[in-house]
Amino acid sequence: MFTDLPLLSLLIWLPVFGGIAVLVNGDNNPWARPLALLISVATLLLSIGLYIGFDNATAQMQFTEQASWISAFDINYSLGVDGFSMPLIILTAFSTVIVVIAGWEVIQDRVSQYMAAFLIMAGLMIAVFSALDAILFYVFFEAMLIPLFLVIGIWGGPNRVYATIKFFLYTLFGSVFLLLALLYLHHVSGSFSILDFHKVGLSMQEQIYLFLAFLIAFAVKVPMWPVHTWLPDAHVEAPTGGSVILAAITLKIGGYGFLRFALPITPDASMALDWLIISLSLTAVVYIGFVALVQSDLKKLIAYSSIAHMGFVTLGLFIVFRIFANSATGSGAELAIEGAMVQMISHGFIAAAMFLCVGVLYDRMHTREISAYGGVINTMPKFAGFAVFFAMANAGLPGTSGFVGEFMVILAAFQANFWFAFLAATTLILGAAYTLWMVKRVLFGDVANDDVAKLTDINRREFLMLAVLAVIVLAIGIWPAPVTDVMHATVEHLLTQISQSKL
Amino acid sequence: MTENLLLTIAFAPLVGSIIAGLFGKQVGKVWSHRAAIAGVATAFVLSVWVLKLVAVDGQTYNEQVYQWLQAGSLSLEIGFMVDALTAMMMVVVTFVSLMVHIYTIGYMQEDNGYARFFSYISLFTFAMLMLVMANNFMQLFFGWEAVGLVSYLLIGFWYKKPTAIYANLKAFLVNRVGDFGFLLGISGVLMYAGSLDYVEVFAQAPAISEKTIAIFSGHDWSVMSLICILLFIGAMGKSAQVPLHVWLPDSMEGPTPISALIHAATMVTAGIFMVTRMSPLFEFSETALSFILVIGAITALFMGFLGLIQNDIKRVIAYSTLSQLGYMTVALGASAYAAGVFHLMTHAFFKALLFLGAGSVIIAMHHEQDIRKMGGLKKYMPITYWTGLIGSLALIGFPGLAGFFSKDSIIEAVHASNLPGSGFAYFAVIVGVFITALYSFRLFFLVFHGKERFDTHGGHLPHESPAVVTVPLILLAIPSVIAGYLIGSMVFGDFFGNAIIVHADHDVLAHHAESYHGVIGFVLHGLTALPFWLAMAGVATAYYLYLVKPELPAKIQQRFQWLHRLLDNKYGFDDFNQIVFAGGSRKIGQLLWKVGDQTIIDGAVVNGTAKTVGLASKLVRHVQSGYLYHYAFAMIIGLWLLLTYFVV
């Protein structure tokens, strides 16, 4: 029944037009918040329709839509989802609901603009994940940044201009190469269809250049070491909602880009240069793990932790070639790719929750300095319960979603090379160290000062948003099969694609 | 055996935990502990039933409950495997847990976190059951980390205490170092066996044992040795073997009931259980077994020494636990797995008894834990005294009590082992007997005999603890005496059946099984053997030093200052870790952040680029002068250049 509806178009345009509707209603309208909530919830429900109507058995694009957009250049409004994009769309829709709830009381200044920015952003990000036309993808890929810049630039912290410009320059630098790559692929294949790009034959030299272009574009987004320094600054200055979307969705576009473009379009170059990605990923895990340890700002710490966790995504995606070469029996390639996907989804929930927790504290104390806290558990026991839970999830405790992806990628990494697994597994120690040391300094101990003594525990709205996230994190940890089942066919298809040389 | 029976056993404590934890405020204190105790009691009764089904009716069970995840041809599952080893562990865990639950009613009566505490210990019981009942490596790791989580929460239960929240972070991180190895070991298992299911992996063991891996190019290592050592590193964390033992003494910051349950009887023995469970793998690697033997021996001996100079009642018992875990590990290394888990079982009873007894003393002393400020408590606390005596005698291996049988079978097994390191291990466990007796009875005499050195708080004399405290003591004292009589079937018989695999050339217990002729013969033989006399010498020394000549220990300490300082610093492990690992990590972090991120990436590259762009635009700006003739001139030059290019 869902296949009859243009579900993807609805998912894109409902929040976009909904956002515009909220915007034109004006700031003094008491309906701005409820309307935004209504639209975001409706989008979420529609996205669940994707899951229900999704056919797990096929790697074909589903819910496809096709219309001519700029016929002179053969650019089409072409949409569709597979096992990689569908879960990310649901994650986007879900995160938007959380962001609306999180900003409910906190944002008092230009409420409708704030809500509208996030709704429009949601539509654009869903469009990024469902676009099957390269130019369509590129347009949305760029367009979604505009609301994010605005969110940081308007509702951000004192140093927001520096952070926004840094973020902007970084991503612009990356996307220029992406555009060039896409134009070149059109030149070779005679089409802008991403699926046609997958099939086009390319020489090794062409592949290397294309791969490097993709790498620059998507590595900035992930972000991979050493192009990661924009993220801590952006997070620190962003309002809570901005951080949530940044961590939960924006970073995932980088990982998605590798899956949709780099691996299937340039498989030979991916194989030839896998050492580069693997070393950068492992650097992210180890180097950033140490850097996270010494952060004194809560948001910076979590931002660095995000970079380390995203290292598992890129690691998982690019160890498959070595696993093939070793022809191990442990289904390592599937574990690696699905592990990377699960890690992205799980990180979306956990990082969002961590930033919300920081937001809860920041709203009360107006500081993110770890040293300003201490003994929060005494005055905010309910909050502390959630915070410890999410911290454990961040440290990859089994039974939480944080474990699943890391576990899968480490299992797979061993099949590629012992030392990959060895370095990746240091996250068990480093991740626990920086997360739980923070927990110790912020939550535990006796009440540190008068400000902490005056804290009030979370209210029902905050409880609700944290509880929903906690349930999801727990559910995926206990039973990840529903998340991975939708990917199997797509993963097998990708593995076939990348194991066939284009030369 | 049905799935529902096993599910009930595992989940009854979880239900209790949820009721006490999430609804503790609504249902109140009494119903919180009732719910928790009901859950654990259910699990205990049904576990006994399962043990009966396994031991008497010869049933075993191995089924999937649900599929956790599928990737390619690999299926990761949650499932239960119950054989004699599992059934025994289930009974031990639920029994000790039940005793501790009941005891907690008395011990934590005044505490604000009463319901929370019950929730945690029930959650622990659930996690521990999932660990021992697992039929695959993944679920084992689940339980493994889950018990670590609860341990973390419970060590830091009194979260206002700076020492407690230091200790729980330390415990978690040190355990994570072990888990790091454990997870790599599991990854290796998957790579070479293609599965994480116990039965499938064990079936692959002979094939794996022939493979080699080149970790450093040019050096081929046995895959099985690598996997087994990695797995054992996990056991070293959880079962606190040197050098990953440092967290256990500090874990005493937690309330005493959990010291008994988690940090003595059950969780810390998970490593012993795991290695025993993996005996089909470890048997193929003598390298790993030797490694285990030596690590266990070092722990057994050197941790025992530390027990001699501690003055905190709980820390003495904690070092004793470390030393006894070393004994169990030595047994594993000698391939005497049955003796190792047998000691695990008897130790669970008498060590839980000793800890709970210590808790009873601590209540009577108004939370004073320094044994120098106790003494003469015998007449005030008769039940605690007599059960404490039973526990201490069992610990030192007094003939006829539980510890005697298990420890003697370990010593005999090591004696018969031919692996590299077995000579040292034998020396360590023999000397350890004397040390064990010395520190145990030092503690015992200082607490219960001699002068009354405690502060009476204005005439309040100490008194015996209430029944909720003393009944568990009595109930634990019973198996501390009689559990040893199971030696015939557990160590020398075929109780464990196929649960434990020992290769013929390692089978050190088989040799003793031939000469075993019943319990009485074993006891009589024990009375003439060296360990018994060493233990008696230890008791006598303690008696002389602490009751006859109580001024002597101080003099010895004076005389051997350097030795005392070495032991007092716990051989320097803590300082080393604090400076090298904790401090070193922070230094590395600072360096990478300040130099790597801020100076090089941001300073030189990112802002450098921005500055270069700025500089370039400053130059280019001069071109846009606004004068028409400048532009015209530029155009002419440009045209000329283009023409030249195309024409030439």
# chains A, B, ... in the order shown; residues from 1 in each chain; ligands from 1

$ closest_atom_pairs --of "chain A" --to "chain B" --cutoff "8 Å" --atoms "only C-alpha atoms" --output "Markdown table"
| residue | atom | partner | partner_atom | distance |
| --- | --- | --- | --- | --- |
| A:Pro226 | CA | B:Ile601 | CA | 7.0 |
| A:Val227 | CA | B:Ile601 | CA | 8.0 |
| A:Thr229 | CA | B:Asp602 | CA | 6.9 |
| A:Tyr287 | CA | B:Leu592 | CA | 7.0 |
| A:Gly289 | CA | B:Gly589 | CA | 7.9 |
| A:Phe290 | CA | B:Gly589 | CA | 4.3 |
| A:Val291 | CA | B:Gly589 | CA | 4.4 |
| A:Ala292 | CA | B:Gly589 | CA | 7.3 |
| A:Leu293 | CA | B:Gly589 | CA | 6.3 |
| A:Val294 | CA | B:Gly589 | CA | 5.8 |
| A:Ala328 | CA | B:Met191 | CA | 6.1 |
| A:Thr329 | CA | B:Gly194 | CA | 5.0 |
| A:Gly330 | CA | B:Gly194 | CA | 4.2 |
| A:Ser331 | CA | B:Gly72 | CA | 5.4 |
| A:Gly332 | CA | B:Met191 | CA | 7.9 |
| A:Glu334 | CA | B:Ala71 | CA | 5.5 |
| A:Leu335 | CA | B:Ala71 | CA | 5.7 |
| A:Glu338 | CA | B:Ala71 | CA | 7.5 |
| A:Gly375 | CA | B:Lys160 | CA | 7.3 |
| A:Leu397 | CA | B:Glu145 | CA | 6.8 |
| A:Pro398 | CA | B:Phe142 | CA | 5.3 |
| A:Gly399 | CA | B:Phe142 | CA | 7.0 |
| A:Ile410 | CA | B:Ser187 | CA | 7.1 |
| A:Leu411 | CA | B:Ser187 | CA | 4.6 |
| A:Ala412 | CA | B:Ser187 | CA | 7.5 |
| A:Phe414 | CA | B:Ser187 | CA | 6.0 |
| A:Gln415 | CA | B:Met191 | CA | 5.7 |
| A:Phe418 | CA | B:Ile215 | CA | 6.8 |
| A:Trp419 | CA | B:Ile215 | CA | 7.8 |
| A:Ala421 | CA | B:Leu184 | CA | 7.0 |
| A:Phe422 | CA | B:Leu184 | CA | 7.0 |
| A:Ala425 | CA | B:Phe180 | CA | 6.0 |
| A:Thr426 | CA | B:Phe180 | CA | 6.8 |
| A:Leu428 | CA | B:Arg176 | CA | 6.1 |
| A:Ile429 | CA | B:Arg176 | CA | 5.5 |
| A:Ala432 | CA | B:Leu173 | CA | 6.7 |
| A:Ala433 | CA | B:Leu173 | CA | 6.5 |
| A:Leu436 | CA | B:Leu169 | CA | 6.9 |
| A:Trp437 | CA | B:Leu169 | CA | 7.1 |
| A:Lys440 | CA | B:Ile165 | CA | 6.7 |
| A:Phe444 | CA | B:Tyr159 | CA | 5.5 |
| A:Gly445 | CA | B:Lys160 | CA | 4.2 |
| A:Asp446 | CA | B:Lys160 | CA | 4.6 |
| A:Ile478 | CA | B:Trp68 | CA | 7.3 |
| A:Trp479 | CA | B:Trp68 | CA | 5.3 |
| A:Pro480 | CA | B:Leu69 | CA | 6.0 |
| A:Ala481 | CA | B:Leu69 | CA | 4.5 |
| A:Thr484 | CA | B:Leu69 | CA | 7.3 |
| A:Asp485 | CA | B:Gln70 | CA | 7.5 |
| A:His488 | CA | B:Ala71 | CA | 7.3 |

$ residues_around --residues "range 168-170 of chain A" --least-positions-apart "4" --cutoff "9 Å" --atoms "only C-alpha atoms" --output "list in words"
Leu145, Phe149, Ala163, Thr164, Gly174, Ser175, Val220, Lys221, Val227 and Trp230 of chain A; Val606 and Ala610 of chain B

$ closest_residue --among "A:His309, A:His347, A:Lys502, A:Arg322" --to "Thr283 in chain A" --atoms "only C-alpha atoms"
A:His309

$ atom_distance --atom1 "CA of Met61 in chain A" --atom2 "CA of Leu8 in chain A"
12.0 Å

$ atom_distance --atom1 "CA of Thr64 in chain A" --atom2 "CA of Phe141 in chain A"
19.3 Å

$ residues_around --residues "range 125-130 of chain B" --least-positions-apart "4" --cutoff "9 Å" --atoms "only C-alpha atoms" --output "list in words"
Ile9, Ala10, Phe11, Ala12, Pro13, Leu14, Ser17, Val40, Phe80, Met89, Met90, Val93, Thr94, Ser97, Tyr120, Ile121, Ala134, Gln139, Leu140, Phe142, Gly143, Trp144, Glu145, Ala146, Val147, Val150, Thr266, Met267 and Ala270 of chain B

$ closest_residue --among "B:Val316, B:Ile258, B:Leu566, B:Met328" --to "Val100 in chain B" --atoms "only C-alpha atoms"
B:Ile258

$ atom_distance --atom1 "CA of Gly538 in chain B" --atom2 "CA of Asn311 in chain B"
18.1 Å

$ residues_around --residues "range 528-531 of chain B" --least-positions-apart "5" --cutoff "8 Å" --atoms "only C-alpha atoms" --output "list in words"
Asp408, Ile430, Val433 and Phe434 of chain B

$ select_by_dssp --residues "range 142-352 of chain A" --states "alpha helix (DSSP H)" --output "number ranges by chain"
A: 142-143, 145-155, 160-189, 194-199, 204-221, 230-237, 240-245, 251-257, 263-265, 267-272, 274-293, 298-318, 320-326, 332-352

$ residues_around --residues "Val106 in chain A" --least-positions-apart "5" --cutoff "10 Å" --atoms "only C-alpha atoms" --output "PyMOL selection string"
chain A and resi 101+111+239-240+359-360+363
